[in-house]
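Novice: Got start35.pdb for you, PDB, C-alpha atoms:
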ATOM      1  CA  MET G   1     -22.804 146.412 -47.946
ATOM      2  CA  SER G   2     -19.571 147.378 -49.638
ATOM      3  CA  ALA G   3     -19.132 150.252 -47.181
ATOM      4  CA  GLU G   4     -19.313 147.857 -44.256
ATOM      5  CA  ILE G   5     -16.734 145.567 -45.904
ATOM      6  CA  ASN G   6     -14.434 148.500 -46.499
ATOM      7  CA  MET G   7     -14.773 149.533 -42.853
ATOM      8  CA  VAL G   8     -13.886 146.045 -41.642
ATOM      9  CA  LEU G   9     -10.864 145.872 -43.959
ATOM     10  CA  GLU G  10      -9.687 149.268 -42.767
ATOM     11  CA  GLN G  11      -9.916 148.225 -39.107
ATOM     12  CA  THR G  12      -8.069 144.964 -39.866
ATOM     13  CA  TRP G  13      -5.299 146.820 -41.674
ATOM     14  CA  LYS G  14      -4.922 149.267 -38.761
ATOM     15  CA  GLN G  15      -4.635 146.383 -36.292
ATOM     16  CA  PHE G  16      -2.018 144.683 -38.463
ATOM     17  CA  PHE G  17      -0.037 147.920 -38.825
ATOM     18  CA  PHE G  18      -0.011 148.556 -35.050
ATOM     19  CA  SER G  19       1.063 144.954 -34.394
ATOM     20  CA  VAL G  20       4.027 145.273 -36.752
ATOM     21  CA  LEU G  21       4.954 148.612 -35.206
ATOM     22  CA  LEU G  22       4.831 147.057 -31.715
ATOM     23  CA  CYS G  23       7.116 144.183 -32.771
ATOM     24  CA  ILE G  24       9.650 146.594 -34.261
ATOM     25  CA  SER G  25       9.645 148.650 -31.063
ATOM     26  CA  LEU G  26      10.187 145.626 -28.849
ATOM     27  CA  TRP G  27      13.032 144.347 -31.054
ATOM     28  CA  THR G  28      14.699 147.777 -30.954
ATOM     29  CA  LEU G  29      14.513 147.859 -27.151
ATOM     30  CA  TYR G  30      15.966 144.338 -26.913
ATOM     31  CA  SER G  31      18.865 145.216 -29.260
ATOM     32  CA  MET G  32      19.702 148.365 -27.324
ATOM     33  CA  ASN G  33      19.665 146.460 -24.027
ATOM     34  CA  PHE G  34      21.962 143.721 -25.431
ATOM     35  CA  LEU G  35      24.411 146.321 -26.759
ATOM     36  CA  LEU G  36      24.435 148.155 -23.420
ATOM     37  CA  GLN G  37      25.136 144.871 -21.541
ATOM     38  CA  THR G  38      28.008 144.024 -23.905
ATOM     39  CA  VAL G  39      29.648 147.406 -23.364
ATOM     40  CA  THR G  40      29.269 147.067 -19.588
ATOM     41  CA  ASP G  41      30.868 143.601 -19.572
ATOM     42  CA  HIS G  42      33.747 144.868 -21.683
ATOM     43  CA  GLU G  43      34.380 147.702 -19.226
ATOM     44  CA  ARG G  44      34.370 145.289 -16.285
ATOM     45  CA  ASN G  45      36.509 142.624 -18.007
ATOM     46  CA  PRO G  46      38.607 144.290 -20.695
ATOM     47  CA  ILE G  47      40.374 142.094 -23.224
ATOM     48  CA  VAL G  48      44.113 142.285 -22.604
ATOM     49  CA  PRO G  49      46.178 142.073 -25.796
ATOM     50  CA  VAL G  50      48.799 139.318 -25.863
ATOM     51  CA  THR G  51      52.196 140.954 -26.300
ATOM     52  CA  PRO G  52      55.718 139.886 -25.322
ATOM     53  CA  ASN G  53      56.011 142.759 -22.819
ATOM     54  CA  ASN G  54      52.612 142.270 -21.255
ATOM     55  CA  PRO G  55      52.870 140.288 -17.972
ATOM     56  CA  LEU G  56      49.271 139.184 -18.379
ATOM     57  CA  SER G  57      49.907 137.555 -21.745
ATOM     58  CA  ASN G  58      50.916 134.334 -19.908
ATOM     59  CA  PRO G  59      48.550 134.256 -16.940
ATOM     60  CA  ILE G  60      49.226 131.852 -14.096
ATOM     61  CA  ILE G  61      46.325 129.460 -13.719
ATOM     62  CA  ILE G  62      45.878 127.597 -10.452
ATOM     63  CA  GLN G  63      43.932 124.412 -10.999
ATOM     64  CA  GLN G  64      41.376 124.124  -8.249
ATOM     65  CA  ASP G  65      41.378 120.628  -6.781
ATOM     66  CA  THR G  66      38.029 120.314  -5.044
ATOM     67  CA  SER G  67      38.190 116.545  -4.709
ATOM     68  CA  GLY G  68      38.873 115.219  -1.236
ATOM     69  CA  PHE G  69      42.303 113.742  -0.556
ATOM     70  CA  PRO G  70      41.735 110.199   0.739
ATOM     71  CA  VAL G  71      43.726 109.267   3.826
ATOM     72  CA  SER G  72      43.197 105.568   4.441
ATOM     73  CA  VAL G  73      46.587 104.914   6.075
ATOM     74  CA  ILE G  74      47.902 107.117   8.885
ATOM     75  CA  LEU G  75      51.681 107.188   9.254
ATOM     76  CA  ASN G  76      52.985 105.716  12.490
ATOM     77  CA  GLU G  77      56.249 104.168  13.628
ATOM     78  CA  THR G  78      55.769 100.894  11.747
ATOM     79  CA  ASN G  79      54.032 101.480   8.385
ATOM     80  CA  TYR G  80      56.292 103.927   6.535
ATOM     81  CA  THR G  81      56.696 101.732   3.443
ATOM     82  CA  LEU G  82      52.977 101.345   2.831
ATOM     83  CA  TRP G  83      52.275 104.991   3.702
ATOM     84  CA  SER G  84      54.962 106.361   1.379
ATOM     85  CA  GLN G  85      53.798 104.262  -1.564
ATOM     86  CA  LEU G  86      50.168 105.351  -1.133
ATOM     87  CA  MET G  87      51.056 109.026  -0.673
ATOM     88  CA  GLU G  88      53.372 109.106  -3.688
ATOM     89  CA  MET G  89      50.699 107.430  -5.819
ATOM     90  CA  ARG G  90      47.887 109.768  -4.726
ATOM     91  CA  ILE G  91      49.939 112.960  -4.902
ATOM     92  CA  GLY G  92      51.255 111.872  -8.303
ATOM     93  CA  ALA G  93      47.677 111.326  -9.506
ATOM     94  CA  ARG G  94      47.115 115.039  -8.770
ATOM     95  CA  ASN G  95      50.220 115.984 -10.776
ATOM     96  CA  LYS G  96      51.995 117.297  -7.660
ATOM     97  CA  VAL G  97      54.742 114.706  -7.152
ATOM     98  CA  GLY G  98      57.332 117.300  -8.210
ATOM     99  CA  TYR G  99      56.813 119.021  -4.861
ATOM    100  CA  LEU G 100      58.117 115.877  -3.125
ATOM    101  CA  THR G 101      61.241 115.765  -5.278
ATOM    102  CA  ARG G 102      63.448 118.451  -6.781
ATOM    103  CA  ALA G 103      61.508 118.460 -10.057
ATOM    104  CA  THR G 104      59.367 121.463  -9.064
ATOM    105  CA  SER G 105      61.885 123.835  -7.508
ATOM    106  CA  LYS G 106      60.968 126.974  -5.618
ATOM    107  CA  PRO G 107      61.066 130.046  -7.914
ATOM    108  CA  ILE G 108      62.676 133.336  -6.957
ATOM    109  CA  LEU G 109      60.621 135.953  -5.132
ATOM    110  CA  ASN G 110      59.986 138.159  -8.189
ATOM    111  CA  ASP G 111      59.038 135.235 -10.416
ATOM    112  CA  PRO G 112      55.396 135.386 -11.656
ATOM    113  CA  ASN G 113      54.959 131.763 -10.561
ATOM    114  CA  TYR G 114      56.151 132.368  -6.992
ATOM    115  CA  ASP G 115      52.681 132.778  -5.430
ATOM    116  CA  THR G 116      51.392 129.739  -7.290
ATOM    117  CA  TRP G 117      54.281 127.631  -6.039
ATOM    118  CA  ILE G 118      53.658 128.732  -2.446
ATOM    119  CA  THR G 119      49.970 127.815  -2.718
ATOM    120  CA  GLU G 120      50.646 124.407  -4.233
ATOM    121  CA  ASN G 121      53.427 123.666  -1.732
ATOM    122  CA  HIS G 122      51.072 124.396   1.164
ATOM    123  CA  LYS G 123      48.510 122.085  -0.392
ATOM    124  CA  VAL G 124      50.926 119.144  -0.679
ATOM    125  CA  LYS G 125      52.355 119.879   2.762
ATOM    126  CA  SER G 126      48.863 119.729   4.281
ATOM    127  CA  TRP G 127      48.237 116.351   2.601
ATOM    128  CA  LEU G 128      51.396 114.945   4.185
ATOM    129  CA  ILE G 129      50.785 116.392   7.645
ATOM    130  CA  GLU G 130      47.131 115.377   7.791
ATOM    131  CA  SER G 131      48.079 111.756   7.018
ATOM    132  CA  MET G 132      50.298 111.434  10.119
ATOM    133  CA  SER G 133      49.560 110.402  13.661
ATOM    134  CA  PRO G 134      49.432 113.392  16.089
ATOM    135  CA  HIS G 135      52.875 112.889  17.652
ATOM    136  CA  LEU G 136      54.486 112.729  14.194
ATOM    137  CA  THR G 137      52.575 115.806  13.066
ATOM    138  CA  GLN G 138      54.229 117.821  15.834
ATOM    139  CA  ARG G 139      57.634 116.573  14.708
ATOM    140  CA  PHE G 140      57.354 117.560  11.034
ATOM    141  CA  ILE G 141      54.851 120.428  10.812
ATOM    142  CA  ARG G 142      57.490 123.163  11.321
ATOM    143  CA  LEU G 143      59.345 122.218   8.146
ATOM    144  CA  VAL G 144      58.798 124.776   5.402
ATOM    145  CA  THR G 145      58.363 122.751   2.212
ATOM    146  CA  ALA G 146      56.651 119.499   1.320
ATOM    147  CA  ARG G 147      59.983 118.152   0.029
ATOM    148  CA  GLU G 148      61.657 118.812   3.390
ATOM    149  CA  ILE G 149      58.883 116.873   5.145
ATOM    150  CA  TRP G 150      59.102 114.005   2.636
ATOM    151  CA  GLU G 151      62.877 113.690   3.004
ATOM    152  CA  ALA G 152      62.780 114.037   6.801
ATOM    153  CA  VAL G 153      60.246 111.208   7.086
ATOM    154  CA  LEU G 154      62.419 109.108   4.787
ATOM    155  CA  ARG G 155      65.504 109.658   6.963
ATOM    156  CA  THR G 156      63.493 108.866  10.097
ATOM    157  CA  PHE G 157      62.018 105.532   9.030
ATOM    158  CA  TYR G 158      64.335 104.221   6.287
ATOM    159  CA  ASP G 159      67.981 103.427   7.006
ATOM    160  CA  GLY G 160      68.864 102.470   3.434
ATOM    161  CA  SER G 161      69.956  98.890   4.118
ATOM    162  CA  ASP G 162      66.650  97.144   4.910
ATOM    163  CA  GLU G 163      68.561  94.026   5.995
ATOM    164  CA  THR G 164      66.816  93.786   9.363
ATOM    165  CA  TRP G 165      63.429  94.423   7.819
ATOM    166  CA  LEU G 166      64.060  91.850   5.097
ATOM    167  CA  PHE G 167      64.953  89.298   7.731
ATOM    168  CA  GLU G 168      61.696  90.001   9.582
ATOM    169  CA  LEU G 169      59.682  89.760   6.355
ATOM    170  CA  ASN G 170      61.257  86.443   5.387
ATOM    171  CA  GLN G 171      60.699  85.126   8.878
ATOM    172  CA  LYS G 172      57.077  86.253   8.710
ATOM    173  CA  SER G 173      56.573  84.556   5.347
ATOM    174  CA  PHE G 174      57.788  81.215   6.750
ATOM    175  CA  SER G 175      55.617  81.479   9.868
ATOM    176  CA  THR G 176      52.389  82.607   8.161
ATOM    177  CA  THR G 177      49.873  79.769   7.863
ATOM    178  CA  GLN G 178      46.254  79.385   6.880
ATOM    179  CA  ASN G 179      45.277  78.327  10.403
ATOM    180  CA  GLY G 180      41.605  77.737   9.636
ATOM    181  CA  ARG G 181      41.099  81.008   7.765
ATOM    182  CA  SER G 182      39.662  81.271   4.279
ATOM    183  CA  LEU G 183      42.057  80.444   1.458
ATOM    184  CA  SER G 184      41.842  83.938  -0.081
ATOM    185  CA  ILE G 185      42.696  85.729   3.187
ATOM    186  CA  TYR G 186      45.725  83.493   3.736
ATOM    187  CA  TYR G 187      46.942  83.904   0.140
ATOM    188  CA  ASN G 188      46.502  87.707   0.110
ATOM    189  CA  GLU G 189      48.414  88.089   3.363
ATOM    190  CA  LEU G 190      51.289  85.982   2.053
ATOM    191  CA  LEU G 191      51.283  87.787  -1.292
ATOM    192  CA  ALA G 192      51.540  91.173   0.465
ATOM    193  CA  ILE G 193      54.641  89.948   2.334
ATOM    194  CA  PHE G 194      56.251  88.751  -0.911
ATOM    195  CA  GLN G 195      55.514  92.070  -2.641
ATOM    196  CA  GLU G 196      57.082  93.955   0.253
ATOM    197  CA  ILE G 197      60.197  91.779   0.000
ATOM    198  CA  ASP G 198      60.426  92.435  -3.756
ATOM    199  CA  HIS G 199      60.072  96.162  -3.157
ATOM    200  CA  ARG G 200      63.016  96.203  -0.759
ATOM    201  CA  ASN G 201      65.194  93.622  -2.493
ATOM    202  CA  THR G 202      67.782  94.490  -5.147
ATOM    203  CA  PRO G 203      68.788  91.748  -7.622
ATOM    204  CA  GLN G 204      72.454  90.804  -7.173
ATOM    205  CA  ALA G 205      72.865  88.893 -10.438
ATOM    206  CA  GLU G 206      74.727  90.712 -13.200
ATOM    207  CA  SER G 207      73.545  88.849 -16.320
ATOM    208  CA  VAL G 208      70.041  88.439 -17.694
ATOM    209  CA  GLU G 209      70.352  84.671 -17.378
ATOM    210  CA  GLY G 210      71.368  84.998 -13.740
ATOM    211  CA  ILE G 211      68.395  87.226 -12.994
ATOM    212  CA  VAL G 212      66.019  84.738 -14.665
ATOM    213  CA  GLN G 213      67.457  81.834 -12.674
ATOM    214  CA  LEU G 214      67.242  83.819  -9.450
ATOM    215  CA  HIS G 215      63.630  84.744 -10.215
ATOM    216  CA  THR G 216      62.736  81.104 -10.975
ATOM    217  CA  ALA G 217      64.296  79.879  -7.747
ATOM    218  CA  MET G 218      62.481  82.595  -5.779
ATOM    219  CA  MET G 219      59.147  81.659  -7.339
ATOM    220  CA  ARG G 220      59.616  77.965  -6.477
ATOM    221  CA  LEU G 221      60.516  78.883  -2.906
ATOM    222  CA  ARG G 222      57.380  80.970  -2.562
ATOM    223  CA  VAL G 223      55.194  78.193  -3.934
ATOM    224  CA  HIS G 224      56.681  75.872  -1.301
ATOM    225  CA  ILE G 225      56.040  78.456   1.439
ATOM    226  CA  PHE G 226      52.423  78.849   0.294
ATOM    227  CA  LEU G 227      51.809  75.098   0.141
ATOM    228  CA  SER G 228      53.459  74.453   3.509
ATOM    229  CA  GLY G 229      51.117  76.911   5.220
ATOM    230  CA  LEU G 230      47.896  75.296   3.978
ATOM    231  CA  ASP G 231      45.603  73.462   6.348
ATOM    232  CA  PRO G 232      45.903  69.620   6.462
ATOM    233  CA  GLU G 233      42.746  69.179   4.378
ATOM    234  CA  TYR G 234      44.763  70.271   1.312
ATOM    235  CA  ASP G 235      47.450  67.584   1.674
ATOM    236  CA  GLN G 236      46.318  65.758  -1.463
ATOM    237  CA  ILE G 237      46.303  68.772  -3.785
ATOM    238  CA  ARG G 238      49.621  69.889  -2.254
ATOM    239  CA  GLY G 239      51.198  66.583  -3.284
ATOM    240  CA  GLU G 240      49.718  66.781  -6.787
ATOM    241  CA  ILE G 241      51.186  70.262  -7.326
ATOM    242  CA  LEU G 242      54.630  69.213  -6.126
ATOM    243  CA  ARG G 243      54.627  66.149  -8.409
ATOM    244  CA  LYS G 244      53.874  68.128 -11.562
ATOM    245  CA  GLU G 245      56.708  68.063 -14.101
ATOM    246  CA  LEU G 246      55.936  71.596 -15.241
ATOM    247  CA  LYS G 247      56.434  73.616 -12.097
ATOM    248  CA  LEU G 248      53.705  76.089 -11.287
ATOM    249  CA  ASP G 249      54.272  79.675 -10.236
ATOM    250  CA  LEU G 250      52.573  81.128  -7.175
ATOM    251  CA  GLU G 251      49.420  82.323  -8.952
ATOM    252  CA  ALA G 252      48.928  78.999 -10.749
ATOM    253  CA  ALA G 253      49.416  77.066  -7.522
ATOM    254  CA  TYR G 254      46.859  79.253  -5.774
ATOM    255  CA  ALA G 255      44.414  78.714  -8.651
ATOM    256  CA  CYS G 256      44.740  74.922  -8.303
ATOM    257  CA  VAL G 257      44.133  75.015  -4.560
ATOM    258  CA  ARG G 258      41.246  77.432  -5.026
ATOM    259  CA  ARG G 259      39.538  75.081  -7.499
ATOM    260  CA  GLU G 260      39.965  72.256  -5.016
ATOM    261  CA  SER G 261      38.423  74.429  -2.299
ATOM    262  CA  GLN G 262      35.450  75.347  -4.478
ATOM    263  CA  GLN G 263      34.867  71.692  -5.386
ATOM    264  CA  ARG G 264      34.882  70.779  -1.695
ATOM    265  CA  GLN G 265      32.296  73.467  -1.001
ATOM    266  CA  VAL G 266      30.037  72.282  -3.834
ATOM    267  CA  MET G 267      30.317  68.646  -2.730
ATOM    268  CA  GLY G 268      29.641  69.666   0.856
ATOM    269  CA  VAL G 269      26.468  71.513  -0.100
ATOM    270  CA  SER G 270      25.290  68.644  -2.310
ATOM    271  CA  ARG G 271      25.875  66.130   0.473
ATOM    272  CA  LEU G 272      24.009  68.334   2.935
ATOM    273  CA  VAL G 273      21.046  68.666   0.571
ATOM    274  CA  SER G 274      20.910  64.905  -0.003
ATOM    275  CA  GLU G 275      20.928  64.256   3.729
ATOM    276  CA  ILE G 276      18.023  66.572   4.512
ATOM    277  CA  GLN G 277      15.963  65.832   1.383
ATOM    278  CA  PRO G 278      13.131  63.388   2.094
ATOM    279  CA  TRP G 279      12.925  60.311  -0.091
TER     280      TRP G 279
END
If you took the structure in this file and wrote it as structure tokens, what would it be?
Specialist:
Amino acid sequence: MSAEINMVLEQTWKQFFFSVLLCISLWTLYSMNFLLQTVTDHERNPIVPVTPNNPLSNPIIIQQDTSGFPVSVILNETNYTLWSQLMEMRIGARNKVGYLTRATSKPILNDPNYDTWITENHKVKSWLIESMSPHLTQRFIRLVTAREIWEAVLRTFYDGSDETWLFELNQKSFSTTQNGRSLSIYYNELLAIFQEIDHRNTPQAESVEGIVQLHTAMMRLRVHIFLSGLDPEYDQIRGEILRKELKLDLEAAYACVRRESQQRQVMGVSRLVSEIQPW
């Protein structure tokens, strides 16, 4: 009986020994393979020491911009102001506005950053050209740098005085009326005209007090323009706003009229429900 037990123990020990030996062999093979892979990677991509005389110690990194450049407004003969503001904002959001100004100047030919500058300039140039109508594209595409295109478009559509354009904007603000449209559409259209006027206008007052007075007078004028363009159904709320001792600015006046409009809608729905509801 003891001989059989000894035989079983001997077989178990042999199996255990061979299992341990197999594990050690597999681990050795894995370690050798990992070491061989590390050496191969080092040969393919050697580590370059950072030294003052090593040109690779300050590598030039081009940030890949894979996001699409949105072009919602195409430049034509009449929308330069809106187009330029959108383009400057979107190009600036990509940290490339220096290519439109003189902030990011062209490096010399032997400069390590020369190729990077050429690549980035082409990128900004393509954004400008692709946002133009076809006949304008033909006019500006031959210019070499994005800054040259930006300045050429500026000279083409902006004369520096804006007096004629300001006159047209003011005239448009006086002639714009609600004319049966929704209150929000009318207000947003008028607000866009006022913002365009502010963008082109330069304050003439010299003192802070003069600027404040000019701003107050302008705000009152714009409230009057907004109220005068409302449909006749708002005559009552128009009179209430004008009779207030504390004069409202444009946003506050719009809020008052908007509340009146919402109340009219609620009362209209309630009246309609009461008319069709059986008693």
Novice: Care to translate the PyMOL selection byres ((chain G and resi 260-264) around 10) into actual residues of this file, as a PDB file with C-alpha atoms, keeping the file's coordinate frame?
Specialist:
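Result written to part-v8.pdb:
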ATOM      1  CA  SER G 182      39.662  81.271   4.279  1.00  0.00           C
ATOM      2  CA  LEU G 183      42.057  80.444   1.458  1.00  0.00           C
ATOM      3  CA  GLU G 233      42.746  69.179   4.378  1.00  0.00           C
ATOM      4  CA  TYR G 234      44.763  70.271   1.312  1.00  0.00           C
ATOM      5  CA  GLN G 236      46.318  65.758  -1.463  1.00  0.00           C
ATOM      6  CA  ILE G 237      46.303  68.772  -3.785  1.00  0.00           C
ATOM      7  CA  TYR G 254      46.859  79.253  -5.774  1.00  0.00           C
ATOM      8  CA  ALA G 255      44.414  78.714  -8.651  1.00  0.00           C
ATOM      9  CA  CYS G 256      44.740  74.922  -8.303  1.00  0.00           C
ATOM     10  CA  VAL G 257      44.133  75.015  -4.560  1.00  0.00           C
ATOM     11  CA  ARG G 258      41.246  77.432  -5.026  1.00  0.00           C
ATOM     12  CA  ARG G 259      39.538  75.081  -7.499  1.00  0.00           C
ATOM     13  CA  GLN G 265      32.296  73.467  -1.001  1.00  0.00           C
ATOM     14  CA  VAL G 266      30.037  72.282  -3.834  1.00  0.00           C
ATOM     15  CA  MET G 267      30.317  68.646  -2.730  1.00  0.00           C
ATOM     16  CA  GLY G 268      29.641  69.666   0.856  1.00  0.00           C
ATOM     17  CA  VAL G 269      26.468  71.513  -0.100  1.00  0.00           C
ATOM     18  CA  SER G 270      25.290  68.644  -2.310  1.00  0.00           C
TER      19      SER G 270
END
Novice: Hey, which of G:Asn76, G:Arg243, G:Asp235, G:Ser175 ends up closest to Ser131 of chain G? Count all atoms listed in the file.
Specialist: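 The answer is G:Asn76, which sits nearest to Ser131 of chain G.
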Novice: Write out as a list in words each polymer residue whose atoms come within 8 Å of Thr145 of chain G, counting only C-alpha atoms; drop sequence neighbours fewer than 2 positions from it.
Specialist: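 Using only C-alpha atoms, the neighbours found are Asn121, His122, Lys125, Leu143, Arg147, Glu148 and Ile149 of chain G.
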Novice: Show me the residues close to (48.2, 112.2, 10.1) - anything with an atom within 12 Å, counting all atoms listed in the file - and format the list as a ChimeraX atom specification.
Specialist: /G:70-77,83,87,125-141
Novice: Taking the file as shown, find all residues satisfying the PyMOL selection byres ((chain G and resi 253) around 12) and write them as JSON, numbers by chain.
Specialist: {"G": [187, 219, 220, 222, 223, 224, 225, 226, 227, 230, 237, 238, 239, 240, 241, 242, 244, 246, 247, 248, 249, 250, 251, 252, 254, 255, 256, 257, 258, 259, 260]}
Novice: By how many Å are atom CA of Glu88 of chain G and atom CA of Leu154 of chain G apart?
Specialist: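 Separating atom CA of Glu88 of chain G from atom CA of Leu154 of chain G is a distance of 12.4 Å.
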Novice: Hey, can you check how far atom CA of Val97 of chain G sits from atom CA of Asn110 of chain G?
Specialist: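 Distance reported for this atom pair: 24.1 Å.
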Novice: Would you work out the distance separating atom CA of Phe194 of chain G from atom CA of Glu151 of chain G, expressed in Å to one decimal?
Specialist: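 These two atoms are separated by 26.1 Å.
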